[in-house]
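Student: Just dropping this structure here.
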Amino acid sequence: MQKLEEMVETLVLEGLGVRRESIHAHFDMLSHGIRVSCYGTPLDAETAKSMPAHCDHTMLTTIVQHEVEGLEVDVGDGRWAAVPAEPGTFAFVAGEQLRVATNGRVPACLHPVRTPSNRERLSVQFLRRQKVGVAVRALADLVDAEHPLLFNPLRHEEYNKWRYSEEGFKLEDPLKVFCGVEKVGAMV
Ligand SMILES: O=C(O)CCC(=O)C(=O)O
Ligand SMILES: [Fe+2]
């Protein structure tokens, strides 16, 4: 799985013009986790949602759905696209850490879990994220006069706590408020 994740992230970063050495140095900063989610039938039968729309706090999340549908992604024009739960397929979701690392070039993917068929559901998520205690920084190759730095180094453990606090929870773009460069007194 790590090889597959690396392949996908390499394609994205090389496509943006990041050099191989920088990609390898970036990969050395990452850790890997796995989570299995079991959803009962959606509590709210009308919306059929088991999870509200959110962005993951990862570089990349790889999602394996098990036969029952649920993952939907924001396609950017106000519509949601359902990702088919076909056995043997993987969905790759860009997380907020990748938004910081790519200096905003790759937006974090907004995604809810919605199961209109009202069935119980199982999914597995492979979490590719920055090592604990290491701030996420924009890759130097993606910062220049044309692309000024958008985010200060992200202390992700602090951010993760704050974004679900009363203050962080109600914001549309908590990442920008937490470490956007225009923020006065930002961490460097
Ligand atoms: O179950 C899924 O398909 C996605 C779950 C998810 O988005 C999450 O746990 O962050
Ligand atoms: Fe998610």
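Ligands are numbered from 1 in the order shown, chains are lettered A, B, ... in the order of the structure tokens, and residues start at 1 in each chain.
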Which residues are near Phe126 of chain A? Cut-off 12 Å, only C-alpha atoms, ignore same chain within fewer than 4 positions. Put them as a PyMOL selection string.
Tutor: chain A and resi 1-2+4-5+31-37+56+58-65+90-93
Student: Keeping N, CA, C and O atoms, export the residues of the selection given above as an mmCIF file, in the first residue's frame.
Tutor:
```
data_model
loop_
_atom_site.group_PDB
_atom_site.id
_atom_site.type_symbol
_atom_site.label_atom_id
_atom_site.label_comp_id
_atom_site.auth_asym_id
_atom_site.auth_seq_id
_atom_site.Cartn_x
_atom_site.Cartn_y
_atom_site.Cartn_z
ATOM 1 N N MET A 1 0.830 -1.217 0.000
ATOM 2 C CA MET A 1 0.000 0.000 0.000
ATOM 3 C C MET A 1 0.860 1.261 0.000
ATOM 4 O O MET A 1 0.564 2.216 -0.700
ATOM 5 N N GLN A 2 1.959 1.224 0.788
ATOM 6 C CA GLN A 2 2.822 2.413 0.820
ATOM 7 C C GLN A 2 3.416 2.699 -0.556
ATOM 8 O O GLN A 2 3.585 3.855 -0.944
ATOM 9 N N LEU A 4 2.014 2.077 -3.428
ATOM 10 C CA LEU A 4 0.951 2.667 -4.239
ATOM 11 C C LEU A 4 0.750 4.148 -3.864
ATOM 12 O O LEU A 4 0.654 5.012 -4.742
ATOM 13 N N GLU A 5 0.730 4.418 -2.570
ATOM 14 C CA GLU A 5 0.587 5.817 -2.112
ATOM 15 C C GLU A 5 1.735 6.669 -2.655
ATOM 16 O O GLU A 5 1.539 7.785 -3.132
ATOM 17 N N SER A 31 4.539 9.403 7.976
ATOM 18 C CA SER A 31 4.227 8.172 8.694
ATOM 19 C C SER A 31 2.941 7.591 8.092
ATOM 20 O O SER A 31 2.296 8.244 7.257
ATOM 21 N N HIS A 32 2.601 6.394 8.535
ATOM 22 C CA HIS A 32 1.466 5.703 7.912
ATOM 23 C C HIS A 32 0.566 5.102 8.974
ATOM 24 O O HIS A 32 1.054 4.555 9.959
ATOM 25 N N GLY A 33 -0.718 5.214 8.756
ATOM 26 C CA GLY A 33 -1.667 4.626 9.700
ATOM 27 C C GLY A 33 -2.778 3.939 8.936
ATOM 28 O O GLY A 33 -2.901 4.097 7.712
ATOM 29 N N ILE A 34 -3.569 3.177 9.668
ATOM 30 C CA ILE A 34 -4.692 2.487 9.026
ATOM 31 C C ILE A 34 -5.891 2.564 9.972
ATOM 32 O O ILE A 34 -5.710 2.531 11.199
ATOM 33 N N ARG A 35 -7.063 2.721 9.396
ATOM 34 C CA ARG A 35 -8.277 2.798 10.217
ATOM 35 C C ARG A 35 -9.385 2.024 9.515
ATOM 36 O O ARG A 35 -9.517 2.080 8.292
ATOM 37 N N VAL A 36 -10.143 1.286 10.299
ATOM 38 C CA VAL A 36 -11.286 0.565 9.737
ATOM 39 C C VAL A 36 -12.541 1.221 10.310
ATOM 40 O O VAL A 36 -12.634 1.433 11.517
ATOM 41 N N SER A 37 -13.481 1.585 9.455
ATOM 42 C CA SER A 37 -14.713 2.213 9.933
ATOM 43 C C SER A 37 -15.908 1.328 9.621
ATOM 44 O O SER A 37 -16.076 0.881 8.480
ATOM 45 N N ASP A 56 -9.675 15.683 5.198
ATOM 46 C CA ASP A 56 -8.865 14.854 6.092
ATOM 47 C C ASP A 56 -7.603 15.595 6.509
ATOM 48 O O ASP A 56 -7.060 16.407 5.760
ATOM 49 N N THR A 58 -4.519 14.732 6.560
ATOM 50 C CA THR A 58 -3.475 13.825 6.045
ATOM 51 C C THR A 58 -2.819 14.510 4.845
ATOM 52 O O THR A 58 -3.271 15.556 4.394
ATOM 53 N N MET A 59 -1.747 13.855 4.316
ATOM 54 C CA MET A 59 -1.276 14.244 2.981
ATOM 55 C C MET A 59 -2.252 13.619 1.989
ATOM 56 O O MET A 59 -2.777 14.276 1.093
ATOM 57 N N LEU A 60 -2.439 12.320 2.213
ATOM 58 C CA LEU A 60 -3.238 11.543 1.274
ATOM 59 C C LEU A 60 -3.954 10.461 2.073
ATOM 60 O O LEU A 60 -3.357 9.849 2.972
ATOM 61 N N THR A 61 -5.233 10.255 1.774
ATOM 62 C CA THR A 61 -5.957 9.137 2.371
ATOM 63 C C THR A 61 -6.354 8.207 1.227
ATOM 64 O O THR A 61 -6.897 8.666 0.221
ATOM 65 N N THR A 62 -6.059 6.931 1.395
ATOM 66 C CA THR A 62 -6.481 5.951 0.398
ATOM 67 C C THR A 62 -7.652 5.190 1.002
ATOM 68 O O THR A 62 -7.543 4.642 2.102
ATOM 69 N N ILE A 63 -8.767 5.196 0.304
ATOM 70 C CA ILE A 63 -9.989 4.601 0.866
ATOM 71 C C ILE A 63 -10.401 3.372 0.055
ATOM 72 O O ILE A 63 -10.466 3.408 -1.182
ATOM 73 N N VAL A 64 -10.643 2.294 0.784
ATOM 74 C CA VAL A 64 -11.162 1.064 0.162
ATOM 75 C C VAL A 64 -12.575 0.893 0.703
ATOM 76 O O VAL A 64 -12.779 0.812 1.920
ATOM 77 N N GLN A 65 -13.544 0.875 -0.174
ATOM 78 C CA GLN A 65 -14.931 0.683 0.242
ATOM 79 C C GLN A 65 -15.299 -0.776 -0.006
ATOM 80 O O GLN A 65 -14.855 -1.378 -0.965
ATOM 81 N N PHE A 90 -9.464 1.590 -5.356
ATOM 82 C CA PHE A 90 -8.996 2.487 -4.295
ATOM 83 C C PHE A 90 -9.380 3.915 -4.680
ATOM 84 O O PHE A 90 -9.306 4.263 -5.853
ATOM 85 N N ALA A 91 -9.754 4.691 -3.689
ATOM 86 C CA ALA A 91 -9.988 6.122 -3.945
ATOM 87 C C ALA A 91 -8.908 6.893 -3.191
ATOM 88 O O ALA A 91 -8.608 6.584 -2.035
ATOM 89 N N PHE A 92 -8.307 7.874 -3.849
ATOM 90 C CA PHE A 92 -7.249 8.678 -3.227
ATOM 91 C C PHE A 92 -7.802 10.073 -2.959
ATOM 92 O O PHE A 92 -8.283 10.730 -3.879
ATOM 93 N N VAL A 93 -7.721 10.466 -1.695
ATOM 94 C CA VAL A 93 -8.281 11.753 -1.297
ATOM 95 C C VAL A 93 -7.135 12.640 -0.790
ATOM 96 O O VAL A 93 -6.406 12.251 0.128
#
```
Student: As a PyMOL selection string, please: every residue in chain A that DSSP puts in strand (DSSP E).
Tutor: chain A and resi 30-39+49-54+60-65+72-74+80-82+91-94+111-114+121-130
Student: Suppose we keep N, CA and C atoms; can you now write the selection as a tab-separated table (two decimals), in the first residue's frame?
Tutor:
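Resulting contents of again_21.tsv:
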```
chain	number	residue	atom	x	y	z
A	30	LEU	N	7.21	11.34	6.48
A	30	LEU	CA	5.84	10.84	6.58
A	30	LEU	C	5.72	9.57	7.40
A	31	SER	N	4.54	9.40	7.98
A	31	SER	CA	4.23	8.17	8.69
A	31	SER	C	2.94	7.59	8.09
A	32	HIS	N	2.60	6.39	8.53
A	32	HIS	CA	1.47	5.70	7.91
A	32	HIS	C	0.57	5.10	8.97
A	33	GLY	N	-0.72	5.21	8.76
A	33	GLY	CA	-1.67	4.63	9.70
A	33	GLY	C	-2.78	3.94	8.94
A	34	ILE	N	-3.57	3.18	9.67
A	34	ILE	CA	-4.69	2.49	9.03
A	34	ILE	C	-5.89	2.56	9.97
A	35	ARG	N	-7.06	2.72	9.40
A	35	ARG	CA	-8.28	2.80	10.22
A	35	ARG	C	-9.38	2.02	9.52
A	36	VAL	N	-10.14	1.29	10.30
A	36	VAL	CA	-11.29	0.57	9.74
A	36	VAL	C	-12.54	1.22	10.31
A	37	SER	N	-13.48	1.59	9.46
A	37	SER	CA	-14.71	2.21	9.93
A	37	SER	C	-15.91	1.33	9.62
A	38	CYS	N	-16.72	1.09	10.65
A	38	CYS	CA	-17.97	0.34	10.48
A	38	CYS	C	-19.11	1.32	10.72
A	39	TYR	N	-19.96	1.48	9.76
A	39	TYR	CA	-21.07	2.40	9.92
A	39	TYR	C	-22.34	1.56	10.01
A	49	LYS	N	-26.72	10.53	5.54
A	49	LYS	CA	-25.30	10.81	5.83
A	49	LYS	C	-24.84	10.09	7.10
A	50	SER	N	-23.67	9.49	7.02
A	50	SER	CA	-23.05	8.90	8.21
A	50	SER	C	-21.93	9.81	8.70
A	51	MET	N	-21.47	10.71	7.85
A	51	MET	CA	-20.38	11.62	8.22
A	51	MET	C	-20.57	12.91	7.41
A	52	PRO	N	-20.51	14.07	8.08
A	52	PRO	CA	-20.66	15.32	7.32
A	52	PRO	C	-19.45	15.57	6.41
A	53	ALA	N	-19.60	16.48	5.47
A	53	ALA	CA	-18.49	16.81	4.56
A	53	ALA	C	-17.32	17.36	5.39
A	54	HIS	N	-16.13	16.90	5.10
A	54	HIS	CA	-14.94	17.32	5.84
A	54	HIS	C	-13.71	17.11	4.96
A	60	LEU	N	-2.44	12.32	2.21
A	60	LEU	CA	-3.24	11.54	1.27
A	60	LEU	C	-3.95	10.46	2.07
A	61	THR	N	-5.23	10.26	1.77
A	61	THR	CA	-5.96	9.14	2.37
A	61	THR	C	-6.35	8.21	1.23
A	62	THR	N	-6.06	6.93	1.40
A	62	THR	CA	-6.48	5.95	0.40
A	62	THR	C	-7.65	5.19	1.00
A	63	ILE	N	-8.77	5.20	0.30
A	63	ILE	CA	-9.99	4.60	0.87
A	63	ILE	C	-10.40	3.37	0.05
A	64	VAL	N	-10.64	2.29	0.78
A	64	VAL	CA	-11.16	1.06	0.16
A	64	VAL	C	-12.58	0.89	0.70
A	65	GLN	N	-13.54	0.87	-0.17
A	65	GLN	CA	-14.93	0.68	0.24
A	65	GLN	C	-15.30	-0.78	-0.01
A	72	GLU	N	-18.46	10.26	-1.08
A	72	GLU	CA	-18.79	11.24	-2.12
A	72	GLU	C	-17.72	12.33	-2.07
A	73	VAL	N	-17.42	12.93	-3.22
A	73	VAL	CA	-16.42	13.99	-3.25
A	73	VAL	C	-16.98	15.24	-3.92
A	74	ASP	N	-16.52	16.37	-3.42
A	74	ASP	CA	-16.90	17.67	-3.97
A	74	ASP	C	-16.15	17.84	-5.29
A	80	TRP	N	-21.71	16.95	-5.97
A	80	TRP	CA	-21.00	15.87	-5.29
A	80	TRP	C	-20.99	14.68	-6.22
A	81	ALA	N	-19.85	14.01	-6.30
A	81	ALA	CA	-19.77	12.80	-7.13
A	81	ALA	C	-19.63	11.60	-6.21
A	82	ALA	N	-20.48	10.61	-6.41
A	82	ALA	CA	-20.38	9.38	-5.61
A	82	ALA	C	-19.26	8.53	-6.18
A	91	ALA	N	-9.75	4.69	-3.69
A	91	ALA	CA	-9.99	6.12	-3.94
A	91	ALA	C	-8.91	6.89	-3.19
A	92	PHE	N	-8.31	7.87	-3.85
A	92	PHE	CA	-7.25	8.68	-3.23
A	92	PHE	C	-7.80	10.07	-2.96
A	93	VAL	N	-7.72	10.47	-1.70
A	93	VAL	CA	-8.28	11.75	-1.30
A	93	VAL	C	-7.14	12.64	-0.79
A	94	ALA	N	-6.98	13.82	-1.39
A	94	ALA	CA	-5.94	14.75	-0.93
A	94	ALA	C	-6.37	15.38	0.38
A	111	HIS	N	-15.21	15.83	1.46
A	111	HIS	CA	-15.97	14.58	1.21
A	111	HIS	C	-16.84	14.17	2.39
A	112	PRO	N	-18.12	13.89	2.14
A	112	PRO	CA	-18.98	13.33	3.17
A	112	PRO	C	-19.10	11.81	2.97
A	113	VAL	N	-19.75	11.15	3.90
A	113	VAL	CA	-20.13	9.74	3.69
A	113	VAL	C	-21.66	9.72	3.67
A	114	ARG	N	-22.20	9.25	2.56
A	114	ARG	CA	-23.66	9.25	2.39
A	114	ARG	C	-24.07	7.93	1.73
A	121	ARG	N	-22.26	-0.34	6.51
A	121	ARG	CA	-21.14	-0.14	5.59
A	121	ARG	C	-19.80	-0.29	6.31
A	122	LEU	N	-18.82	-0.70	5.52
A	122	LEU	CA	-17.46	-0.91	6.04
A	122	LEU	C	-16.49	-0.20	5.09
A	123	SER	N	-15.51	0.50	5.64
A	123	SER	CA	-14.46	1.04	4.76
A	123	SER	C	-13.13	0.99	5.50
A	124	VAL	N	-12.05	0.97	4.73
A	124	VAL	CA	-10.71	0.98	5.30
A	124	VAL	C	-10.01	2.22	4.76
A	125	GLN	N	-9.35	2.96	5.66
A	125	GLN	CA	-8.61	4.15	5.23
A	125	GLN	C	-7.13	4.00	5.58
A	126	PHE	N	-6.31	4.21	4.59
A	126	PHE	CA	-4.86	4.21	4.79
A	126	PHE	C	-4.44	5.67	4.86
A	127	LEU	N	-3.83	6.04	5.99
A	127	LEU	CA	-3.56	7.46	6.27
A	127	LEU	C	-2.07	7.75	6.10
A	128	ARG	N	-1.79	8.61	5.18
A	128	ARG	CA	-0.39	8.99	4.91
A	128	ARG	C	-0.25	10.42	5.41
A	129	ARG	N	0.54	10.60	6.45
A	129	ARG	CA	0.58	11.93	7.07
A	129	ARG	C	1.94	12.22	7.67
A	130	GLN	N	2.13	13.49	8.03
A	130	GLN	CA	3.42	13.93	8.58
A	130	GLN	C	3.70	13.24	9.92
```
Student: Check the smallest atom-to-atom distance from each of A:Gly95, A:Pro42, A:Pro174, A:Pro148 to ligand 2 using only C-alpha atoms and all ligand atoms, then report the winner.
Tutor: A:Gly95
Student: Enumerate the residues of chain A with a DSSP assignment of alpha helix (DSSP H), computed from the backbone, and present them as a PyMOL selection string.
Tutor: chain A and resi 2-15+20-27+96-101+156-163+166-169+174-179
Student: To one decimal place in Å, what is the distance between atom CA of Ala138 of chain A and atom CA of Asn152 of chain A?
Tutor: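 So the answer is 8.0 Å.
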Student: Could you pull the residues within 12 Å of Glu167 of chain A, counting only C-alpha atoms, minus those fewer than 6 positions along the same chain, as a list of chain:residue names?
Tutor: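 Once the adjacent positions are removed, what remains is A:Tyr159, A:Lys161, A:Asp173, A:Pro174, A:Val177, A:Phe178.
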Student: Name the closest residue to ligand 1 among the candidates A:Ala135, A:Leu110, A:Val75, A:Leu11; distances are taken between atoms, counting only C-alpha atoms and all ligand atoms.
Tutor: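 Of A:Ala135, A:Leu110, A:Val75, A:Leu11, the one nearest ligand 1, counting only C-alpha atoms and all ligand atoms, is A:Leu110.
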Student: Please compute the atom CA of Glu120 of chain A-atom CA of Arg79 of chain A distance, one decimal, in Å.
Tutor: 24.6 Å
Student: Using only C-alpha atoms, which residue out of A:Ala85, A:Met29, A:Glu46, A:Glu96 lies closest to Val132 of chain A?
Tutor: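 Of A:Ala85, A:Met29, A:Glu46, A:Glu96, the one nearest Val132 of chain A is A:Met29, counting only C-alpha atoms.
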Student: Can you work out which one of A:Gly133, A:Glu182, A:Leu71, A:Leu43 has the shortest atom-to-atom distance to ligand 1, counting only C-alpha atoms and all ligand atoms?
Tutor: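 Distance minimum relative to ligand 1 lands on A:Leu71.
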Student: Under the rule that only C-alpha atoms and all ligand atoms are counted, which of A:Cys109, A:Lys3, A:Phe27, A:Gly17 is the nearest residue to ligand 1?
Tutor: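 When distances to ligand 1 are compared using only C-alpha atoms and all ligand atoms, the smallest one comes from A:Cys109.
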Student: May I ask which of the residues A:Ile23, A:Leu171, A:Leu16, A:Val100 is the closest one to Arg137 of chain A, counting only C-alpha atoms?
Tutor: A:Val100
